[in-house]
>>> print(open('structure-v4.pdb').read())   # PDB, C-alpha atoms
ATOM      1  CA  MET A   1      11.146  44.243-160.985  1.00  0.00           C
ATOM      2  CA  TRP A   2      13.347  41.398-161.930  1.00  0.00           C
ATOM      3  CA  ILE A   3      17.109  41.338-161.097  1.00  0.00           C
ATOM      4  CA  ASN A   4      19.629  39.015-162.660  1.00  0.00           C
ATOM      5  CA  HIS A   5      21.688  37.289-159.894  1.00  0.00           C
ATOM      6  CA  GLN A   6      23.769  35.127-162.228  1.00  0.00           C
ATOM      7  CA  PRO A   7      26.990  37.187-161.974  1.00  0.00           C
ATOM      8  CA  ASP A   8      26.867  37.006-158.143  1.00  0.00           C
ATOM      9  CA  ILE A   9      26.635  33.213-158.208  1.00  0.00           C
ATOM     10  CA  ALA A  10      29.549  32.976-160.622  1.00  0.00           C
ATOM     11  CA  MET A  11      31.700  35.268-158.450  1.00  0.00           C
ATOM     12  CA  ARG A  12      30.792  33.367-155.280  1.00  0.00           C
ATOM     13  CA  SER A  13      31.825  30.012-156.808  1.00  0.00           C
ATOM     14  CA  LEU A  14      35.177  31.467-157.844  1.00  0.00           C
ATOM     15  CA  ARG A  15      35.871  32.643-154.272  1.00  0.00           C
ATOM     16  CA  GLN A  16      34.907  29.321-152.597  1.00  0.00           C
ATOM     17  CA  ARG A  17      36.908  26.728-154.466  1.00  0.00           C
ATOM     18  CA  GLY A  18      38.644  25.019-151.489  1.00  0.00           C
ATOM     19  CA  PHE A  19      40.069  25.380-148.037  1.00  0.00           C
ATOM     20  CA  THR A  20      42.352  28.147-146.984  1.00  0.00           C
ATOM     21  CA  LEU A  21      45.895  27.419-145.905  1.00  0.00           C
ATOM     22  CA  VAL A  22      45.008  28.317-142.295  1.00  0.00           C
ATOM     23  CA  GLU A  23      42.147  25.804-142.274  1.00  0.00           C
ATOM     24  CA  LEU A  24      44.383  23.034-143.641  1.00  0.00           C
ATOM     25  CA  ILE A  25      47.137  23.717-141.102  1.00  0.00           C
ATOM     26  CA  THR A  26      44.582  23.750-138.275  1.00  0.00           C
ATOM     27  CA  VAL A  27      43.192  20.354-139.298  1.00  0.00           C
ATOM     28  CA  ILE A  28      46.688  18.867-139.581  1.00  0.00           C
ATOM     29  CA  LEU A  29      47.624  20.178-136.132  1.00  0.00           C
ATOM     30  CA  VAL A  30      44.464  18.776-134.552  1.00  0.00           C
ATOM     31  CA  LEU A  31      45.084  15.364-136.152  1.00  0.00           C
ATOM     32  CA  GLY A  32      48.707  15.438-134.979  1.00  0.00           C
ATOM     33  CA  VAL A  33      47.694  16.175-131.398  1.00  0.00           C
ATOM     34  CA  LEU A  34      45.093  13.395-131.459  1.00  0.00           C
ATOM     35  CA  ALA A  35      47.649  10.919-132.805  1.00  0.00           C
ATOM     36  CA  ALA A  36      50.214  11.952-130.191  1.00  0.00           C
ATOM     37  CA  VAL A  37      47.679  11.347-127.420  1.00  0.00           C
ATOM     38  CA  ALA A  38      46.110   8.136-128.769  1.00  0.00           C
ATOM     39  CA  LEU A  39      49.254   6.216-129.777  1.00  0.00           C
ATOM     40  CA  PRO A  40      50.851   6.014-126.305  1.00  0.00           C
ATOM     41  CA  ARG A  41      47.523   4.969-124.824  1.00  0.00           C
ATOM     42  CA  PHE A  42      47.251   2.157-127.366  1.00  0.00           C
ATOM     43  CA  THR A  43      50.742   0.823-126.605  1.00  0.00           C
ATOM     44  CA  ASP A  44      50.027   1.140-122.889  1.00  0.00           C
ATOM     45  CA  LEU A  45      46.926  -1.032-123.358  1.00  0.00           C
ATOM     46  CA  GLN A  46      49.044  -3.782-124.896  1.00  0.00           C
ATOM     47  CA  ALA A  47      51.425  -3.734-121.920  1.00  0.00           C
ATOM     48  CA  LYS A  48      48.490  -3.797-119.505  1.00  0.00           C
ATOM     49  CA  ALA A  49      47.042  -6.787-121.353  1.00  0.00           C
ATOM     50  CA  ARG A  50      50.342  -8.671-120.996  1.00  0.00           C
ATOM     51  CA  VAL A  51      50.484  -7.836-117.275  1.00  0.00           C
ATOM     52  CA  ALA A  52      46.911  -9.075-116.887  1.00  0.00           C
ATOM     53  CA  LYS A  53      47.824 -12.312-118.697  1.00  0.00           C
ATOM     54  CA  VAL A  54      50.745 -12.909-116.309  1.00  0.00           C
ATOM     55  CA  GLN A  55      48.542 -12.181-113.296  1.00  0.00           C
ATOM     56  CA  ALA A  56      45.818 -14.506-114.580  1.00  0.00           C
ATOM     57  CA  MET A  57      48.257 -17.367-115.089  1.00  0.00           C
ATOM     58  CA  ALA A  58      49.738 -16.774-111.629  1.00  0.00           C
ATOM     59  CA  GLY A  59      46.215 -17.062-110.256  1.00  0.00           C
ATOM     60  CA  ALA A  60      45.740 -20.296-112.201  1.00  0.00           C
ATOM     61  CA  LEU A  61      48.968 -21.681-110.695  1.00  0.00           C
ATOM     62  CA  ASN A  62      47.853 -20.743-107.170  1.00  0.00           C
ATOM     63  CA  ALA A  63      44.454 -22.341-107.710  1.00  0.00           C
ATOM     64  CA  ALA A  64      46.030 -25.459-109.227  1.00  0.00           C
ATOM     65  CA  GLN A  65      48.428 -25.978-106.347  1.00  0.00           C
ATOM     66  CA  ALA A  66      45.570 -25.566-103.848  1.00  0.00           C
ATOM     67  CA  LEU A  67      43.488 -28.091-105.793  1.00  0.00           C
ATOM     68  CA  VAL A  68      46.397 -30.554-105.949  1.00  0.00           C
ATOM     69  CA  LYS A  69      47.010 -30.168-102.203  1.00  0.00           C
ATOM     70  CA  ALA A  70      43.314 -30.744-101.439  1.00  0.00           C
ATOM     71  CA  THR A  71      43.232 -33.797-103.713  1.00  0.00           C
ATOM     72  CA  ALA A  72      46.358 -35.188-102.049  1.00  0.00           C
ATOM     73  CA  MET A  73      44.869 -34.672 -98.587  1.00  0.00           C
ATOM     74  CA  VAL A  74      41.586 -36.355 -99.571  1.00  0.00           C
ATOM     75  CA  THR A  75      43.375 -39.350-101.077  1.00  0.00           C
ATOM     76  CA  ILE A  76      45.471 -39.650 -97.889  1.00  0.00           C
ATOM     77  CA  LYS A  77      48.897 -39.086 -99.375  1.00  0.00           C
ATOM     78  CA  GLN A  78      51.918 -38.885 -97.102  1.00  0.00           C
ATOM     79  CA  CYS A  79      52.763 -35.189 -97.330  1.00  0.00           C
ATOM     80  CA  ALA A  80      56.026 -35.709 -95.446  1.00  0.00           C
ATOM     81  CA  ALA A  81      57.410 -37.398 -98.559  1.00  0.00           C
ATOM     82  CA  ALA A  82      59.387 -34.969-100.693  1.00  0.00           C
ATOM     83  CA  SER A  83      58.758 -36.953-103.867  1.00  0.00           C
ATOM     84  CA  GLY A  84      57.577 -40.262-105.258  1.00  0.00           C
ATOM     85  CA  GLN A  85      53.841 -39.572-104.987  1.00  0.00           C
ATOM     86  CA  SER A  86      51.273 -38.305-107.423  1.00  0.00           C
ATOM     87  CA  VAL A  87      47.595 -37.477-107.768  1.00  0.00           C
ATOM     88  CA  VAL A  88      45.381 -37.613-110.824  1.00  0.00           C
ATOM     89  CA  LEU A  89      43.459 -34.506-111.886  1.00  0.00           C
ATOM     90  CA  GLU A  90      41.161 -34.858-114.902  1.00  0.00           C
ATOM     91  CA  GLY A  91      43.131 -37.838-116.169  1.00  0.00           C
ATOM     92  CA  VAL A  92      46.543 -36.153-115.790  1.00  0.00           C
ATOM     93  CA  SER A  93      49.033 -37.490-113.261  1.00  0.00           C
ATOM     94  CA  ILE A  94      50.576 -34.669-111.192  1.00  0.00           C
ATOM     95  CA  ASP A  95      53.842 -35.476-109.391  1.00  0.00           C
ATOM     96  CA  LEU A  96      54.093 -34.167-105.820  1.00  0.00           C
ATOM     97  CA  ASN A  97      56.569 -32.557-103.425  1.00  0.00           C
ATOM     98  CA  HIS A  98      55.084 -32.472 -99.901  1.00  0.00           C
ATOM     99  CA  CYS A  99      51.559 -32.767-101.410  1.00  0.00           C
ATOM    100  CA  TYR A 100      52.108 -29.774-103.738  1.00  0.00           C
ATOM    101  CA  PRO A 101      52.843 -30.056-107.472  1.00  0.00           C
ATOM    102  CA  GLN A 102      56.447 -30.390-108.553  1.00  0.00           C
ATOM    103  CA  ALA A 103      58.129 -27.610-110.543  1.00  0.00           C
ATOM    104  CA  LEU A 104      58.838 -29.868-113.497  1.00  0.00           C
ATOM    105  CA  GLY A 105      60.478 -28.294-116.523  1.00  0.00           C
ATOM    106  CA  SER A 106      57.782 -29.399-118.934  1.00  0.00           C
ATOM    107  CA  PHE A 107      54.171 -28.661-119.664  1.00  0.00           C
ATOM    108  CA  SER A 108      53.121 -32.126-118.469  1.00  0.00           C
ATOM    109  CA  GLY A 109      53.174 -33.857-115.115  1.00  0.00           C
ATOM    110  CA  GLY A 110      53.890 -30.945-112.781  1.00  0.00           C
ATOM    111  CA  VAL A 111      52.377 -27.643-111.781  1.00  0.00           C
ATOM    112  CA  LEU A 112      51.954 -26.476-115.389  1.00  0.00           C
ATOM    113  CA  ALA A 113      49.880 -29.561-116.186  1.00  0.00           C
ATOM    114  CA  ALA A 114      47.817 -29.027-113.032  1.00  0.00           C
ATOM    115  CA  ALA A 115      47.092 -25.429-114.099  1.00  0.00           C
ATOM    116  CA  ASN A 116      46.551 -26.522-117.721  1.00  0.00           C
ATOM    117  CA  ILE A 117      49.136 -24.035-119.012  1.00  0.00           C
ATOM    118  CA  THR A 118      50.505 -24.850-122.466  1.00  0.00           C
ATOM    119  CA  ALA A 119      53.131 -23.493-124.822  1.00  0.00           C
ATOM    120  CA  ALA A 120      50.365 -22.777-127.336  1.00  0.00           C
ATOM    121  CA  GLU A 121      49.127 -19.987-125.042  1.00  0.00           C
ATOM    122  CA  GLY A 122      52.354 -18.032-125.570  1.00  0.00           C
ATOM    123  CA  TRP A 123      54.518 -19.378-122.715  1.00  0.00           C
ATOM    124  CA  PHE A 124      57.960 -20.949-122.816  1.00  0.00           C
ATOM    125  CA  LEU A 125      60.216 -22.405-120.155  1.00  0.00           C
ATOM    126  CA  GLY A 126      62.692 -19.807-118.939  1.00  0.00           C
ATOM    127  CA  THR A 127      64.150 -21.959-116.161  1.00  0.00           C
ATOM    128  CA  ALA A 128      63.832 -25.726-116.244  1.00  0.00           C
ATOM    129  CA  GLY A 129      62.805 -26.381-112.636  1.00  0.00           C
ATOM    130  CA  GLY A 130      62.990 -29.944-111.390  1.00  0.00           C
ATOM    131  CA  ALA A 131      61.475 -32.789-109.410  1.00  0.00           C
ATOM    132  CA  THR A 132      63.336 -32.117-106.160  1.00  0.00           C
ATOM    133  CA  ALA A 133      61.788 -30.195-103.303  1.00  0.00           C
ATOM    134  CA  GLY A 134      62.539 -26.470-103.511  1.00  0.00           C
ATOM    135  CA  SER A 135      63.065 -26.455-107.292  1.00  0.00           C
ATOM    136  CA  ALA A 136      62.097 -23.287-109.132  1.00  0.00           C
ATOM    137  CA  LEU A 137      60.438 -23.117-112.534  1.00  0.00           C
ATOM    138  CA  ARG A 138      60.096 -19.903-114.536  1.00  0.00           C
ATOM    139  CA  ILE A 139      57.783 -19.522-117.505  1.00  0.00           C
ATOM    140  CA  ASP A 140      58.172 -16.466-119.713  1.00  0.00           C
ATOM    141  CA  LEU A 141      55.591 -14.728-121.874  1.00  0.00           C
ATOM    142  CA  ILE A 142      56.860 -14.917-125.463  1.00  0.00           C
ATOM    143  CA  GLU A 143      55.084 -11.778-126.722  1.00  0.00           C
ATOM    144  CA  ALA A 144      56.546  -9.500-124.023  1.00  0.00           C
ATOM    145  CA  GLN A 145      59.123  -6.808-124.734  1.00  0.00           C
ATOM    146  CA  THR A 146      61.551  -8.570-122.368  1.00  0.00           C
ATOM    147  CA  PRO A 147      60.209 -12.117-121.864  1.00  0.00           C
ATOM    148  CA  ALA A 148      62.523 -12.919-118.933  1.00  0.00           C
ATOM    149  CA  ASN A 149      61.046  -9.927-117.095  1.00  0.00           C
ATOM    150  CA  CYS A 150      57.448 -10.777-117.934  1.00  0.00           C
ATOM    151  CA  ALA A 151      57.344 -14.114-116.215  1.00  0.00           C
ATOM    152  CA  ILE A 152      55.962 -16.332-113.486  1.00  0.00           C
ATOM    153  CA  THR A 153      58.165 -18.296-111.121  1.00  0.00           C
ATOM    154  CA  TYR A 154      56.863 -21.307-109.209  1.00  0.00           C
ATOM    155  CA  THR A 155      58.978 -22.786-106.422  1.00  0.00           C
ATOM    156  CA  SER A 156      57.902 -26.142-105.051  1.00  0.00           C
ATOM    157  CA  PRO A 157      57.910 -26.453-101.249  1.00  0.00           C
ATOM    158  CA  ALA A 158      61.278 -27.275 -99.716  1.00  0.00           C
ATOM    159  CA  SER A 159      59.747 -28.695 -96.546  1.00  0.00           C
ATOM    160  CA  LEU A 160      56.527 -30.079 -95.155  1.00  0.00           C
ATOM    161  CA  SER A 161      55.675 -26.806 -93.384  1.00  0.00           C
ATOM    162  CA  ALA A 162      55.989 -24.712 -96.569  1.00  0.00           C
ATOM    163  CA  ALA A 163      53.691 -24.259 -99.528  1.00  0.00           C
ATOM    164  CA  GLY A 164      54.557 -23.734-103.159  1.00  0.00           C
ATOM    165  CA  VAL A 165      55.371 -20.115-103.963  1.00  0.00           C
ATOM    166  CA  VAL A 166      54.157 -18.280-107.051  1.00  0.00           C
ATOM    167  CA  ALA A 167      55.915 -15.008-107.888  1.00  0.00           C
ATOM    168  CA  ILE A 168      55.441 -12.709-110.873  1.00  0.00           C
ATOM    169  CA  ASP A 169      57.727 -10.227-112.607  1.00  0.00           C
ATOM    170  CA  THR A 170      55.953  -7.729-114.866  1.00  0.00           C
ATOM    171  CA  SER A 171      58.751  -5.187-115.273  1.00  0.00           C
ATOM    172  CA  GLY A 172      59.352  -6.212-118.897  1.00  0.00           C
ATOM    173  CA  CYS A 173      55.800  -6.671-120.094  1.00  0.00           C
TER
END
>>> encode(input="structure-v4.pdb", output="structure tokens")
Amino acid sequence: MWINHQPDIAMRSLRQRGFTLVELITVILVLGVLAAVALPRFTDLQAKARVAKVQAMAGALNAAQALVKATAMVTIKQCAAASGQSVVLEGVSIDLNHCYPQALGSFSGGVLAAANITAAEGWFLGTAGGATAGSALRIDLIEAQTPANCAITYTSPASLSAAGVVAIDTSGC
């Protein structure tokens, strides 16, 4: 016995032409929830990357000042002198304050040159620093939300018994 199923197929295709309104609203809600959860995490990752960049450069400054101090000690510099001395690291002359790099307000000759930090890496001089003992230099991260509060400060030693101080501010990254 043969049965014609053609009318059933035609009726079924008429009933299943698309999604119901409930299905569409459900998909939109799920996508909205996913976007609301993912977007803040993405922006938080950018801030964490900026904080990590500041911390990495602070580490580079600490390492550079230790290397400059060791080089000065090996070359028998007079660390009691507040200025007027220098050491050469990889062909770059680094000016000294008590055998530590000076906080010069440029990307050459002082602590920034010793750490090989350049403006091309997204840094700019927030505070000029100086050649005298105890001078402070602040470099700000250009891409930060508040560059002055996403910065590194280096203070050259004010006396023979002190070391250079590296401080970071990541409140505006």
>>> atom_distance(input="structure-v4.pdb", atom1="CA of Gln145 in chain A", atom2="CA of Val51 in chain A")
11.5 Å
>>> atom_distance(input="structure-v4.pdb", atom1="CA of Arg50 in chain A", atom2="CA of Ser106 in chain A")
22.1 Å
>>> resolve_selection(input="structure-v4.pdb", expression="the PyMOL selection byres ((chain A and resi 61-71) around 10)", output="PyMOL selection string")
chain A and resi 55-60+72-77+79+86-89+94-102+110-117+152-154+156+163-167
>>> atom_distance(input="structure-v4.pdb", atom1="CA of Thr118 in chain A", atom2="CA of Leu141 in chain A")
11.3 Å
>>> closest_residue(input="structure-v4.pdb", among="A:Gly122, A:Val37, A:Pro157, A:Ile142", to="Ser83 in chain A", atoms="all atoms listed in the file")
A:Pro157
>>> residues_around(input="structure-v4.pdb", residues="Asn149 in chain A", least_positions_apart="3", cutoff="9 Å", atoms="all atoms listed in the file", output="PyMOL selection string")
chain A and resi 140-141+144-146+152+168-173
>>> axis_aligned_box(input="structure-v4.pdb", around="range 72-84 of chain A", padding_each_side="8 Å", output="AutoDock Vina command-line options")
--center_x 50.5 --center_y -37.5 --center_z -100.4 --size_x 33.8 --size_y 21.6 --size_z 25.8
>>> decode(input="structure-v4.pdb", residues="range 101-146 of chain A", atoms="N, CA and C atoms", output="PDB file, in the first residue's frame")
ATOM      1  N   PRO A 101      73.824  56.587  38.741  1.00  0.00           N
ATOM      2  CA  PRO A 101      73.526  57.472  37.597  1.00  0.00           C
ATOM      3  C   PRO A 101      72.746  58.714  38.013  1.00  0.00           C
ATOM      4  N   GLN A 102      73.044  59.804  37.328  1.00  0.00           N
ATOM      5  CA  GLN A 102      72.327  61.054  37.583  1.00  0.00           C
ATOM      6  C   GLN A 102      70.897  60.965  37.036  1.00  0.00           C
ATOM      7  N   ALA A 103      70.025  61.787  37.593  1.00  0.00           N
ATOM      8  CA  ALA A 103      68.626  61.847  37.148  1.00  0.00           C
ATOM      9  C   ALA A 103      68.477  62.947  36.100  1.00  0.00           C
ATOM     10  N   LEU A 104      69.238  62.820  35.027  1.00  0.00           N
ATOM     11  CA  LEU A 104      69.213  63.848  33.987  1.00  0.00           C
ATOM     12  C   LEU A 104      67.868  63.878  33.281  1.00  0.00           C
ATOM     13  N   GLY A 105      67.442  65.063  32.901  1.00  0.00           N
ATOM     14  CA  GLY A 105      66.164  65.236  32.229  1.00  0.00           C
ATOM     15  C   GLY A 105      66.248  65.029  30.735  1.00  0.00           C
ATOM     16  N   SER A 106      66.889  63.955  30.327  1.00  0.00           N
ATOM     17  CA  SER A 106      66.964  63.610  28.909  1.00  0.00           C
ATOM     18  C   SER A 106      67.124  62.099  28.811  1.00  0.00           C
ATOM     19  N   PHE A 107      66.963  61.602  27.621  1.00  0.00           N
ATOM     20  CA  PHE A 107      67.097  60.167  27.411  1.00  0.00           C
ATOM     21  C   PHE A 107      68.540  59.765  27.104  1.00  0.00           C
ATOM     22  N   SER A 108      69.491  60.675  27.339  1.00  0.00           N
ATOM     23  CA  SER A 108      70.894  60.342  27.103  1.00  0.00           C
ATOM     24  C   SER A 108      71.747  60.852  28.256  1.00  0.00           C
ATOM     25  N   GLY A 109      72.725  60.061  28.631  1.00  0.00           N
ATOM     26  CA  GLY A 109      73.711  60.498  29.610  1.00  0.00           C
ATOM     27  C   GLY A 109      73.422  60.166  31.053  1.00  0.00           C
ATOM     28  N   GLY A 110      72.216  59.924  31.439  1.00  0.00           N
ATOM     29  CA  GLY A 110      71.890  59.645  32.835  1.00  0.00           C
ATOM     30  C   GLY A 110      71.308  58.253  33.011  1.00  0.00           C
ATOM     31  N   VAL A 111      70.426  58.144  33.983  1.00  0.00           N
ATOM     32  CA  VAL A 111      69.859  56.839  34.316  1.00  0.00           C
ATOM     33  C   VAL A 111      69.027  56.261  33.170  1.00  0.00           C
ATOM     34  N   LEU A 112      68.354  57.108  32.410  1.00  0.00           N
ATOM     35  CA  LEU A 112      67.541  56.607  31.295  1.00  0.00           C
ATOM     36  C   LEU A 112      68.416  56.004  30.201  1.00  0.00           C
ATOM     37  N   ALA A 113      69.585  56.603  29.976  1.00  0.00           N
ATOM     38  CA  ALA A 113      70.520  56.036  29.002  1.00  0.00           C
ATOM     39  C   ALA A 113      71.094  54.726  29.520  1.00  0.00           C
ATOM     40  N   ALA A 114      71.368  54.673  30.828  1.00  0.00           N
ATOM     41  CA  ALA A 114      71.911  53.434  31.407  1.00  0.00           C
ATOM     42  C   ALA A 114      70.909  52.287  31.290  1.00  0.00           C
ATOM     43  N   ALA A 115      69.620  52.598  31.442  1.00  0.00           N
ATOM     44  CA  ALA A 115      68.572  51.573  31.346  1.00  0.00           C
ATOM     45  C   ALA A 115      68.101  51.368  29.911  1.00  0.00           C
ATOM     46  N   ASN A 116      68.616  52.190  28.986  1.00  0.00           N
ATOM     47  CA  ASN A 116      68.249  52.102  27.575  1.00  0.00           C
ATOM     48  C   ASN A 116      66.756  52.352  27.365  1.00  0.00           C
ATOM     49  N   ILE A 117      66.222  53.314  28.093  1.00  0.00           N
ATOM     50  CA  ILE A 117      64.814  53.712  27.946  1.00  0.00           C
ATOM     51  C   ILE A 117      64.760  54.887  26.983  1.00  0.00           C
ATOM     52  N   THR A 118      63.863  54.800  25.991  1.00  0.00           N
ATOM     53  CA  THR A 118      63.753  55.841  24.978  1.00  0.00           C
ATOM     54  C   THR A 118      62.327  56.365  24.883  1.00  0.00           C
ATOM     55  N   ALA A 119      62.190  57.516  24.272  1.00  0.00           N
ATOM     56  CA  ALA A 119      60.867  58.099  24.049  1.00  0.00           C
ATOM     57  C   ALA A 119      60.058  57.251  23.071  1.00  0.00           C
ATOM     58  N   ALA A 120      60.747  56.553  22.185  1.00  0.00           N
ATOM     59  CA  ALA A 120      60.064  55.728  21.182  1.00  0.00           C
ATOM     60  C   ALA A 120      59.290  54.577  21.820  1.00  0.00           C
ATOM     61  N   GLU A 121      59.613  54.230  23.059  1.00  0.00           N
ATOM     62  CA  GLU A 121      58.909  53.154  23.755  1.00  0.00           C
ATOM     63  C   GLU A 121      57.653  53.646  24.466  1.00  0.00           C
ATOM     64  N   GLY A 122      57.284  54.901  24.268  1.00  0.00           N
ATOM     65  CA  GLY A 122      56.049  55.424  24.840  1.00  0.00           C
ATOM     66  C   GLY A 122      56.231  56.199  26.129  1.00  0.00           C
ATOM     67  N   TRP A 123      57.433  56.674  26.415  1.00  0.00           N
ATOM     68  CA  TRP A 123      57.713  57.433  27.641  1.00  0.00           C
ATOM     69  C   TRP A 123      57.993  58.888  27.307  1.00  0.00           C
ATOM     70  N   PHE A 124      57.612  59.785  28.218  1.00  0.00           N
ATOM     71  CA  PHE A 124      58.025  61.179  28.081  1.00  0.00           C
ATOM     72  C   PHE A 124      58.396  61.720  29.449  1.00  0.00           C
ATOM     73  N   LEU A 125      59.175  62.776  29.454  1.00  0.00           N
ATOM     74  CA  LEU A 125      59.681  63.345  30.700  1.00  0.00           C
ATOM     75  C   LEU A 125      58.592  64.151  31.395  1.00  0.00           C
ATOM     76  N   GLY A 126      58.176  63.676  32.560  1.00  0.00           N
ATOM     77  CA  GLY A 126      57.172  64.398  33.338  1.00  0.00           C
ATOM     78  C   GLY A 126      57.799  65.458  34.206  1.00  0.00           C
ATOM     79  N   THR A 127      58.943  65.148  34.800  1.00  0.00           N
ATOM     80  CA  THR A 127      59.714  66.085  35.611  1.00  0.00           C
ATOM     81  C   THR A 127      61.147  66.021  35.107  1.00  0.00           C
ATOM     82  N   ALA A 128      61.763  67.176  34.956  1.00  0.00           N
ATOM     83  CA  ALA A 128      63.053  67.254  34.271  1.00  0.00           C
ATOM     84  C   ALA A 128      64.221  66.629  35.006  1.00  0.00           C
ATOM     85  N   GLY A 129      64.210  66.525  36.311  1.00  0.00           N
ATOM     86  CA  GLY A 129      65.352  65.973  37.023  1.00  0.00           C
ATOM     87  C   GLY A 129      66.509  66.950  37.018  1.00  0.00           C
ATOM     88  N   GLY A 130      67.732  66.426  37.113  1.00  0.00           N
ATOM     89  CA  GLY A 130      68.890  67.300  37.096  1.00  0.00           C
ATOM     90  C   GLY A 130      70.159  66.556  37.405  1.00  0.00           C
ATOM     91  N   ALA A 131      71.287  67.286  37.338  1.00  0.00           N
ATOM     92  CA  ALA A 131      72.594  66.684  37.552  1.00  0.00           C
ATOM     93  C   ALA A 131      73.016  66.707  39.019  1.00  0.00           C
ATOM     94  N   THR A 132      72.334  67.486  39.847  1.00  0.00           N
ATOM     95  CA  THR A 132      72.747  67.578  41.247  1.00  0.00           C
ATOM     96  C   THR A 132      72.277  66.369  42.041  1.00  0.00           C
ATOM     97  N   ALA A 133      73.013  66.089  43.101  1.00  0.00           N
ATOM     98  CA  ALA A 133      72.662  64.961  43.967  1.00  0.00           C
ATOM     99  C   ALA A 133      71.282  65.200  44.567  1.00  0.00           C
ATOM    100  N   GLY A 134      70.469  64.149  44.604  1.00  0.00           N
ATOM    101  CA  GLY A 134      69.118  64.251  45.159  1.00  0.00           C
ATOM    102  C   GLY A 134      68.064  64.716  44.170  1.00  0.00           C
ATOM    103  N   SER A 135      68.435  64.926  42.918  1.00  0.00           N
ATOM    104  CA  SER A 135      67.455  65.350  41.904  1.00  0.00           C
ATOM    105  C   SER A 135      66.509  64.203  41.586  1.00  0.00           C
ATOM    106  N   ALA A 136      65.273  64.564  41.270  1.00  0.00           N
ATOM    107  CA  ALA A 136      64.255  63.563  40.939  1.00  0.00           C
ATOM    108  C   ALA A 136      63.824  63.723  39.486  1.00  0.00           C
ATOM    109  N   LEU A 137      63.681  62.606  38.821  1.00  0.00           N
ATOM    110  CA  LEU A 137      63.250  62.554  37.428  1.00  0.00           C
ATOM    111  C   LEU A 137      62.016  61.678  37.357  1.00  0.00           C
ATOM    112  N   ARG A 138      60.964  62.160  36.695  1.00  0.00           N
ATOM    113  CA  ARG A 138      59.763  61.345  36.516  1.00  0.00           C
ATOM    114  C   ARG A 138      59.518  61.148  35.038  1.00  0.00           C
ATOM    115  N   ILE A 139      59.331  59.877  34.638  1.00  0.00           N
ATOM    116  CA  ILE A 139      58.938  59.590  33.269  1.00  0.00           C
ATOM    117  C   ILE A 139      57.524  59.016  33.300  1.00  0.00           C
ATOM    118  N   ASP A 140      56.697  59.517  32.397  1.00  0.00           N
ATOM    119  CA  ASP A 140      55.291  59.139  32.339  1.00  0.00           C
ATOM    120  C   ASP A 140      55.034  58.266  31.122  1.00  0.00           C
ATOM    121  N   LEU A 141      54.086  57.354  31.271  1.00  0.00           N
ATOM    122  CA  LEU A 141      53.685  56.486  30.163  1.00  0.00           C
ATOM    123  C   LEU A 141      52.621  57.213  29.345  1.00  0.00           C
ATOM    124  N   ILE A 142      52.933  57.499  28.094  1.00  0.00           N
ATOM    125  CA  ILE A 142      52.055  58.308  27.238  1.00  0.00           C
ATOM    126  C   ILE A 142      50.680  57.676  27.075  1.00  0.00           C
ATOM    127  N   GLU A 143      50.608  56.358  26.884  1.00  0.00           N
ATOM    128  CA  GLU A 143      49.349  55.700  26.550  1.00  0.00           C
ATOM    129  C   GLU A 143      48.417  55.486  27.736  1.00  0.00           C
ATOM    130  N   ALA A 144      48.822  55.914  28.929  1.00  0.00           N
ATOM    131  CA  ALA A 144      48.005  55.708  30.129  1.00  0.00           C
ATOM    132  C   ALA A 144      46.815  56.650  30.148  1.00  0.00           C
ATOM    133  N   GLN A 145      45.802  56.279  30.944  1.00  0.00           N
ATOM    134  CA  GLN A 145      44.623  57.137  31.086  1.00  0.00           C
ATOM    135  C   GLN A 145      45.005  58.470  31.723  1.00  0.00           C
ATOM    136  N   THR A 146      45.839  58.431  32.754  1.00  0.00           N
ATOM    137  CA  THR A 146      46.377  59.625  33.394  1.00  0.00           C
ATOM    138  C   THR A 146      47.893  59.455  33.439  1.00  0.00           C
TER     139      THR A 146
END
